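A.B. asks: The structure is given below, and queries will be raised subsequently.
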Number of protein chains: 2
Amino acid sequence: MEGTGSSAPRLLAVVRILHRRLAEGAYPAGSALPSESALARELGVARGTLRRALEQLESEHFLVCQRGSHWIAQEPTRSQSVSVLRSFAQWARSLGLEPSGRTVSSRAGRASAQEARELGLRRADRVHRIVRVRGLDGRPVMVERTTFPGWLAVTIAALPPDAPSIMAAVLAEHGVGLGHAEHRIFAMGAATVDSRLLQVPRSVPLLRVLRTARLADGRPFEYSDDRYIGGSIALSVVSSAAAVETGMPR
Amino acid sequence: MEGTGSSAPRLLAVVRILHRRLAEGAYPAGSALPSESALARELGVARGTLRRALEQLESEHFLVCQRGSHWIAQEPTRSQSVSVLRSFAQWARSLGLEPSGRTVSSRAGRASAQEARELGLRRADRVHRIVRVRGLDGRPVMVERTTFPGWLAVTIAALPPDAPSIMAAVLAEHGVGLGHAEHRIFAMGAATVDSRLLQVPRSVPLLRVLRTARLADGRPFEYSDDRYIGGSIALSVVSSAAAVETGMPR
DNA sequence: TAGTGGTCTAGACCACCGT
DNA sequence: CGGTGGTCTAGACCACTAT
């Protein structure tokens, strides 16, 4: 009976509630959800609104459905879209999860040949390196080894060790957000250090992402080696071969 | 006041009409469309339905809008190439390597629920499944388990077991290339079957890519579970912060 | 056949834009 | 201020699935 006129608060609230319930196991993988009508009534929204939330969860592969049957919860692999460029913290919050960060080390240094190449610096230019363990709702899911160019060192070094988002600080201080990034994605076994930081056995399969990111104004921002616990997270990529056609199903 | 219960005929009809009008220059680039209410009245649908059509055109970059103002037609030449979509064979050759393929099995079957969903089929519709080991310069680097919709079965079954590229055959026979794909990327340990096919020890880290691909004309083409030997291959993805999606965050 | 999801409708309130 | 898009509601009919 009532609209809001701004962003989509009801929808977002419902999405968050469902994410939370799935994460907490209220709807175990493979089990059926209550009917749309029942769920809508319980959450105090119209069926249409509830439905848009379900469709979002479906596009994130948390739910599936078949005509005439109930919605089914899926194995909760979190999927991070790479095409839409967002920081870890932004991505986590969009899923209704709380991102955390713990800085393991943070120190100044000189660029290696590789770092210089990726960040557009000269070898031995000043850089700042940090190692962070990042988590979702308190559980560690990835370890991140990042190198920043020297001009960011002051901003980075000033951050508290549990800052959930470095991007937010950079945005606040320099007024520029992420522009674009290149990712190279591998699989690898957990090294001894990784296994200790992530609290998993050695040689467990990890998803390794080497990332070179630039700010919206084109300046190189970071070069990072991220290692995710294998099953806990999926990267999602949508790619197209250009060319727009007219007959668009979907 | 009336629903249909089947696919979405009204919505599709409206989308087609708008595509045609844009193509015919009824709404020149930069000009404003009539208001949603007026357009809905003219086309004989509810505003909600018209709106879903506009959102689809927006996601295809044909239209943009601002709050409180009209929808604006866009120049339809905007290439949105984010990630380049290429087949394994195309990719290998671009690296100067020789792609190879060995078909391990190839047989007809009926779609599982998951396959039906990914390929836009109904459960138990005819599909064709193949398992292939693919290599670079003679060394196996990945195993590929692919499901094709029934209408492709003849083309697929006719291929020689060492065909380096299925896409090339489809392109030759049906005259359509790859259009669009979605990937979900994980890390996992090699299962027993994988280790045998790839000639690596069990539990070696593999890069697992679940891929749903469509042809340029929008028809679902394949659903595939690809597993790459961890260190041998990296996926490379370039992403930018631009990206506008339908209505929802995705 | 009863119940579910898939689609569509008609109407409402709100925030925002131009005047 | 009136008009526009953005969001939400309540209710309807249909095709499909399960039993």
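Convention: chains lettered A, B, ... in structure tokens order; per-chain residue numbering from 1; ligands numbered from 1 as shown.
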Could you give me, as JSON lines, a per-residue list for chain D showing, wherever an atom lies at most 7 Å from an atom of chain B, the closest pair of atoms and their distance in Å to one decimal, using only C-alpha atoms (C1' of nucleotides) and sorting by chain then residue number from low to high?
C.D. replies:
```
{"residue": "D:DT4", "atom": "C1'", "partner": "B:Gly68", "partner_atom": "CA", "distance": 4.5}
{"residue": "D:DG5", "atom": "C1'", "partner": "B:Gly68", "partner_atom": "CA", "distance": 5.1}
{"residue": "D:DA12", "atom": "C1'", "partner": "B:Met1", "partner_atom": "CA", "distance": 6.4}
{"residue": "D:DC13", "atom": "C1'", "partner": "B:Gly3", "partner_atom": "CA", "distance": 4.9}
{"residue": "D:DC14", "atom": "C1'", "partner": "B:Gly5", "partner_atom": "CA", "distance": 3.9}
{"residue": "D:DA15", "atom": "C1'", "partner": "B:Gly5", "partner_atom": "CA", "distance": 5.1}
```
A.B. asks: Cα RMSD of chain A on chain B, all Cα atoms paired in order, least-squares fit?
C.D. replies: 16.0 Å
A.B. asks: What's the separation between atom CA of A:Ser87 and atom CA of A:Gly25, in Å to one decimal place?
C.D. replies: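 That distance, rounded to one decimal, is 26.4 Å.
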A.B. asks: Mind the document's chain letters and residue numbers, and return as a ChimeraX atom specification the residues of stretch 45-239 of chain A that DSSP labels strand (DSSP E).
C.D. replies: /A:63-65,71-73,78-81,99-110,126-136,139-149,178-189,205-215,220-229,233-239
A.B. asks: Find the spatial neighbours of A:Glu115, counting only C-alpha atoms (C1' of nucleotides), within a cut-off of 10 Å - ignore same-chain residues fewer than 2 positions away - and output them as a list in words.
C.D. replies: Arg110, Ala111, Ser112, Ala113, Arg117, Glu118, Leu119, Gly120, Leu121, Arg122, Arg123, Ala124, Asp125, Val127, Thr147, Phe148, Pro149, Thr212, Glu222, Tyr223 and Ser224 of chain A
A.B. asks: Only C-alpha atoms, please: the residues just picked out, written as a JSON list (two decimals), in the first residue's frame.
C.D. replies:
```json
[["chain", "number", "residue", "atom", "x", "y", "z"],
["A", 110, "ARG", "CA", 61.54, -1.09, -2.44],
["A", 111, "ALA", "CA", 59.80, -2.28, -5.58],
["A", 112, "SER", "CA", 60.89, -5.55, -7.10],
["A", 113, "ALA", "CA", 61.09, -5.83, -10.87],
["A", 117, "ARG", "CA", 56.23, -3.40, -13.90],
["A", 118, "GLU", "CA", 52.72, -3.91, -12.55],
["A", 119, "LEU", "CA", 52.51, -0.56, -10.79],
["A", 120, "GLY", "CA", 54.24, 1.51, -13.45],
["A", 121, "LEU", "CA", 57.17, 2.34, -11.17],
["A", 122, "ARG", "CA", 60.92, 2.02, -11.51],
["A", 123, "ARG", "CA", 62.72, -0.73, -9.72],
["A", 124, "ALA", "CA", 63.67, 0.21, -6.16],
["A", 125, "ASP", "CA", 61.04, 2.95, -6.02],
["A", 127, "VAL", "CA", 56.38, 0.93, -2.06],
["A", 147, "THR", "CA", 51.84, -3.83, -2.71],
["A", 148, "PHE", "CA", 50.90, -0.15, -2.94],
["A", 149, "PRO", "CA", 52.89, 2.59, -4.67],
["A", 212, "THR", "CA", 46.51, -5.26, -10.72],
["A", 222, "GLU", "CA", 47.68, -1.91, -6.03],
["A", 223, "TYR", "CA", 49.22, -5.17, -7.05],
["A", 224, "SER", "CA", 47.90, -8.03, -5.01]]
```
A.B. asks: Can you tell me, as a ChimeraX atom specification, what residues are no more than 12 Å from A:Ala13 when counting only C-alpha atoms (C1' of nucleotides), ignoring any on the same chain fewer than 3 positions away?
C.D. replies: /A:7-10,16-20,43-45,49-50,52-53,94-96
A.B. asks: Limited to C-alpha atoms, could you put the picked residues into a file as a short mmCIF file (atom, residue, chain, number, x, y, z; two decimals), in the first residue's frame?
C.D. replies:
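This is the output file result_5.cif:
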```cif
data_model
loop_
_atom_site.label_atom_id
_atom_site.label_comp_id
_atom_site.auth_asym_id
_atom_site.auth_seq_id
_atom_site.Cartn_x
_atom_site.Cartn_y
_atom_site.Cartn_z
CA SER A 7 16.73 3.09 -3.39
CA ALA A 8 14.81 -0.08 -2.49
CA PRO A 9 14.91 -0.56 1.27
CA ARG A 10 12.29 -3.27 1.54
CA ARG A 16 19.71 -9.54 3.65
CA ILE A 17 17.33 -11.61 5.71
CA LEU A 18 17.41 -14.43 3.18
CA HIS A 19 21.19 -14.31 2.87
CA ARG A 20 21.47 -14.51 6.62
CA LEU A 43 8.30 -10.96 6.21
CA GLY A 44 5.54 -8.41 5.82
CA VAL A 45 6.07 -7.57 2.15
CA THR A 49 8.85 -7.71 -3.59
CA LEU A 50 9.71 -11.08 -2.07
CA ARG A 52 12.47 -9.86 -6.72
CA ALA A 53 14.61 -10.81 -3.74
CA SER A 94 26.06 -6.69 -0.82
CA LEU A 95 25.60 -10.26 0.38
CA GLY A 96 24.56 -9.13 3.82
#
```
A.B. asks: Might you pull out every residue within 8 Å of B:Ala190, with only C-alpha atoms (C1' of nucleotides) counted and same-chain residues fewer than 4 positions away left off, and present them as an mmCIF file with C-alpha atoms, in the first residue's frame?
C.D. replies:
```
data_model
loop_
_atom_site.group_PDB
_atom_site.id
_atom_site.type_symbol
_atom_site.label_atom_id
_atom_site.label_comp_id
_atom_site.auth_asym_id
_atom_site.auth_seq_id
_atom_site.Cartn_x
_atom_site.Cartn_y
_atom_site.Cartn_z
ATOM 1 C CA ASP B 194 40.436 -36.366 -13.013
ATOM 2 C CA SER B 195 43.818 -37.547 -11.847
ATOM 3 C CA PRO B 201 48.377 -37.335 -8.596
ATOM 4 C CA ARG B 202 45.112 -37.314 -6.737
ATOM 5 C CA SER B 203 44.189 -34.156 -4.779
ATOM 6 C CA VAL B 204 46.418 -31.938 -6.872
ATOM 7 C CA PRO B 205 44.858 -28.448 -6.933
ATOM 8 C CA LEU B 206 42.669 -27.888 -9.970
#
```
A.B. asks: So which bits of stretch 27-86 of chain A end up alpha helix (DSSP H) when you DSSP the backbone, as a list in words?
C.D. replies: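 Those in stretch 27-86 of chain A that DSSP calls alpha helix (DSSP H) are Glu36, Ser37, Ala38, Leu39, Ala40, Arg41, Glu42, Leu43, Arg47, Gly48, Thr49, Leu50, Arg51, Arg52, Ala53, Leu54, Glu55, Gln56, Leu57, Glu58 and Ser59 of chain A.
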A.B. asks: Can you check which parts of chain C lie within 7 Å of chain A? Per residue, the shortest pair of atoms and distance in Å to one decimal, counting only C-alpha atoms (C1' of nucleotides), sorted by chain and number, as JSON lines.
C.D. replies:
```
{"residue": "C:DT4", "atom": "C1'", "partner": "A:Gly68", "partner_atom": "CA", "distance": 4.4}
{"residue": "C:DG5", "atom": "C1'", "partner": "A:Gly68", "partner_atom": "CA", "distance": 5.1}
{"residue": "C:DA12", "atom": "C1'", "partner": "A:Met1", "partner_atom": "CA", "distance": 6.3}
{"residue": "C:DC13", "atom": "C1'", "partner": "A:Gly3", "partner_atom": "CA", "distance": 4.9}
{"residue": "C:DC14", "atom": "C1'", "partner": "A:Gly5", "partner_atom": "CA", "distance": 3.9}
{"residue": "C:DA15", "atom": "C1'", "partner": "A:Gly5", "partner_atom": "CA", "distance": 5.1}
```
A.B. asks: Given the choices B:Gly150, B:Ser31, B:Ile185, B:Leu215, which gets closest to B:Leu171 if the distance is worked out from only C-alpha atoms?
C.D. replies: B:Leu215
A.B. asks: What does the distance between atom CA of B:Asp225 and atom CA of B:Pro99 come to in Å, to one decimal place?
C.D. replies: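 Spanning atom CA of B:Asp225 to atom CA of B:Pro99 is a straight-line distance of 18.4 Å.
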A.B. asks: So that I can see what lies close to D:DA10, please list as a PyMOL selection string the residues with an atom at most 10 Å from it, counting only C-alpha atoms (C1' of nucleotides) and leaving out residues fewer than 3 positions away in the same chain.
C.D. replies: (chain A and resi 1+46-48) or (chain C and resi 10-11)
A.B. asks: Restricting it to N, CA and C atoms (P, O5', C5', C4', C3', O3' and C1' of nucleotides), dump the selection as a short mmCIF file (atom, residue, chain, number, x, y, z; two decimals), in the first residue's frame.
C.D. replies:
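Written output follows (again_36.cif):
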```
data_model
loop_
_atom_site.label_atom_id
_atom_site.label_comp_id
_atom_site.auth_asym_id
_atom_site.auth_seq_id
_atom_site.Cartn_x
_atom_site.Cartn_y
_atom_site.Cartn_z
N MET A 1 0.83 -1.21 0.00
CA MET A 1 0.00 0.00 0.00
C MET A 1 0.86 1.25 0.00
N ALA A 46 4.92 -7.55 0.05
CA ALA A 46 4.08 -8.13 -1.00
C ALA A 46 4.83 -9.25 -1.69
N ARG A 47 4.09 -10.12 -2.33
CA ARG A 47 4.73 -11.25 -2.99
C ARG A 47 5.69 -10.77 -4.07
N GLY A 48 5.32 -9.71 -4.76
CA GLY A 48 6.19 -9.18 -5.82
C GLY A 48 7.55 -8.78 -5.30
P DA C 10 -5.29 -2.95 -16.42
"O5'" DA C 10 -5.58 -2.12 -15.10
"C5'" DA C 10 -6.41 -2.68 -14.09
"C4'" DA C 10 -6.16 -1.94 -12.80
"C3'" DA C 10 -6.01 -0.42 -12.97
"O3'" DA C 10 -6.95 0.19 -12.10
"C1'" DA C 10 -4.23 -1.32 -11.66
P DG C 11 -7.10 1.78 -12.07
"O5'" DG C 11 -6.41 2.14 -10.67
"C5'" DG C 11 -6.67 1.31 -9.53
"C4'" DG C 11 -5.63 1.56 -8.47
"C3'" DG C 11 -5.28 3.05 -8.29
"O3'" DG C 11 -5.41 3.39 -6.91
"C1'" DG C 11 -3.32 1.74 -8.40
#
```
A.B. asks: Using only C-alpha atoms for the distances, tell me which of B:Gly101, B:Gly30, B:Gly109, B:Gly230 is nearest to chain A.
C.D. replies: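 The shortest atom-to-atom distance to chain A comes from B:Gly230.
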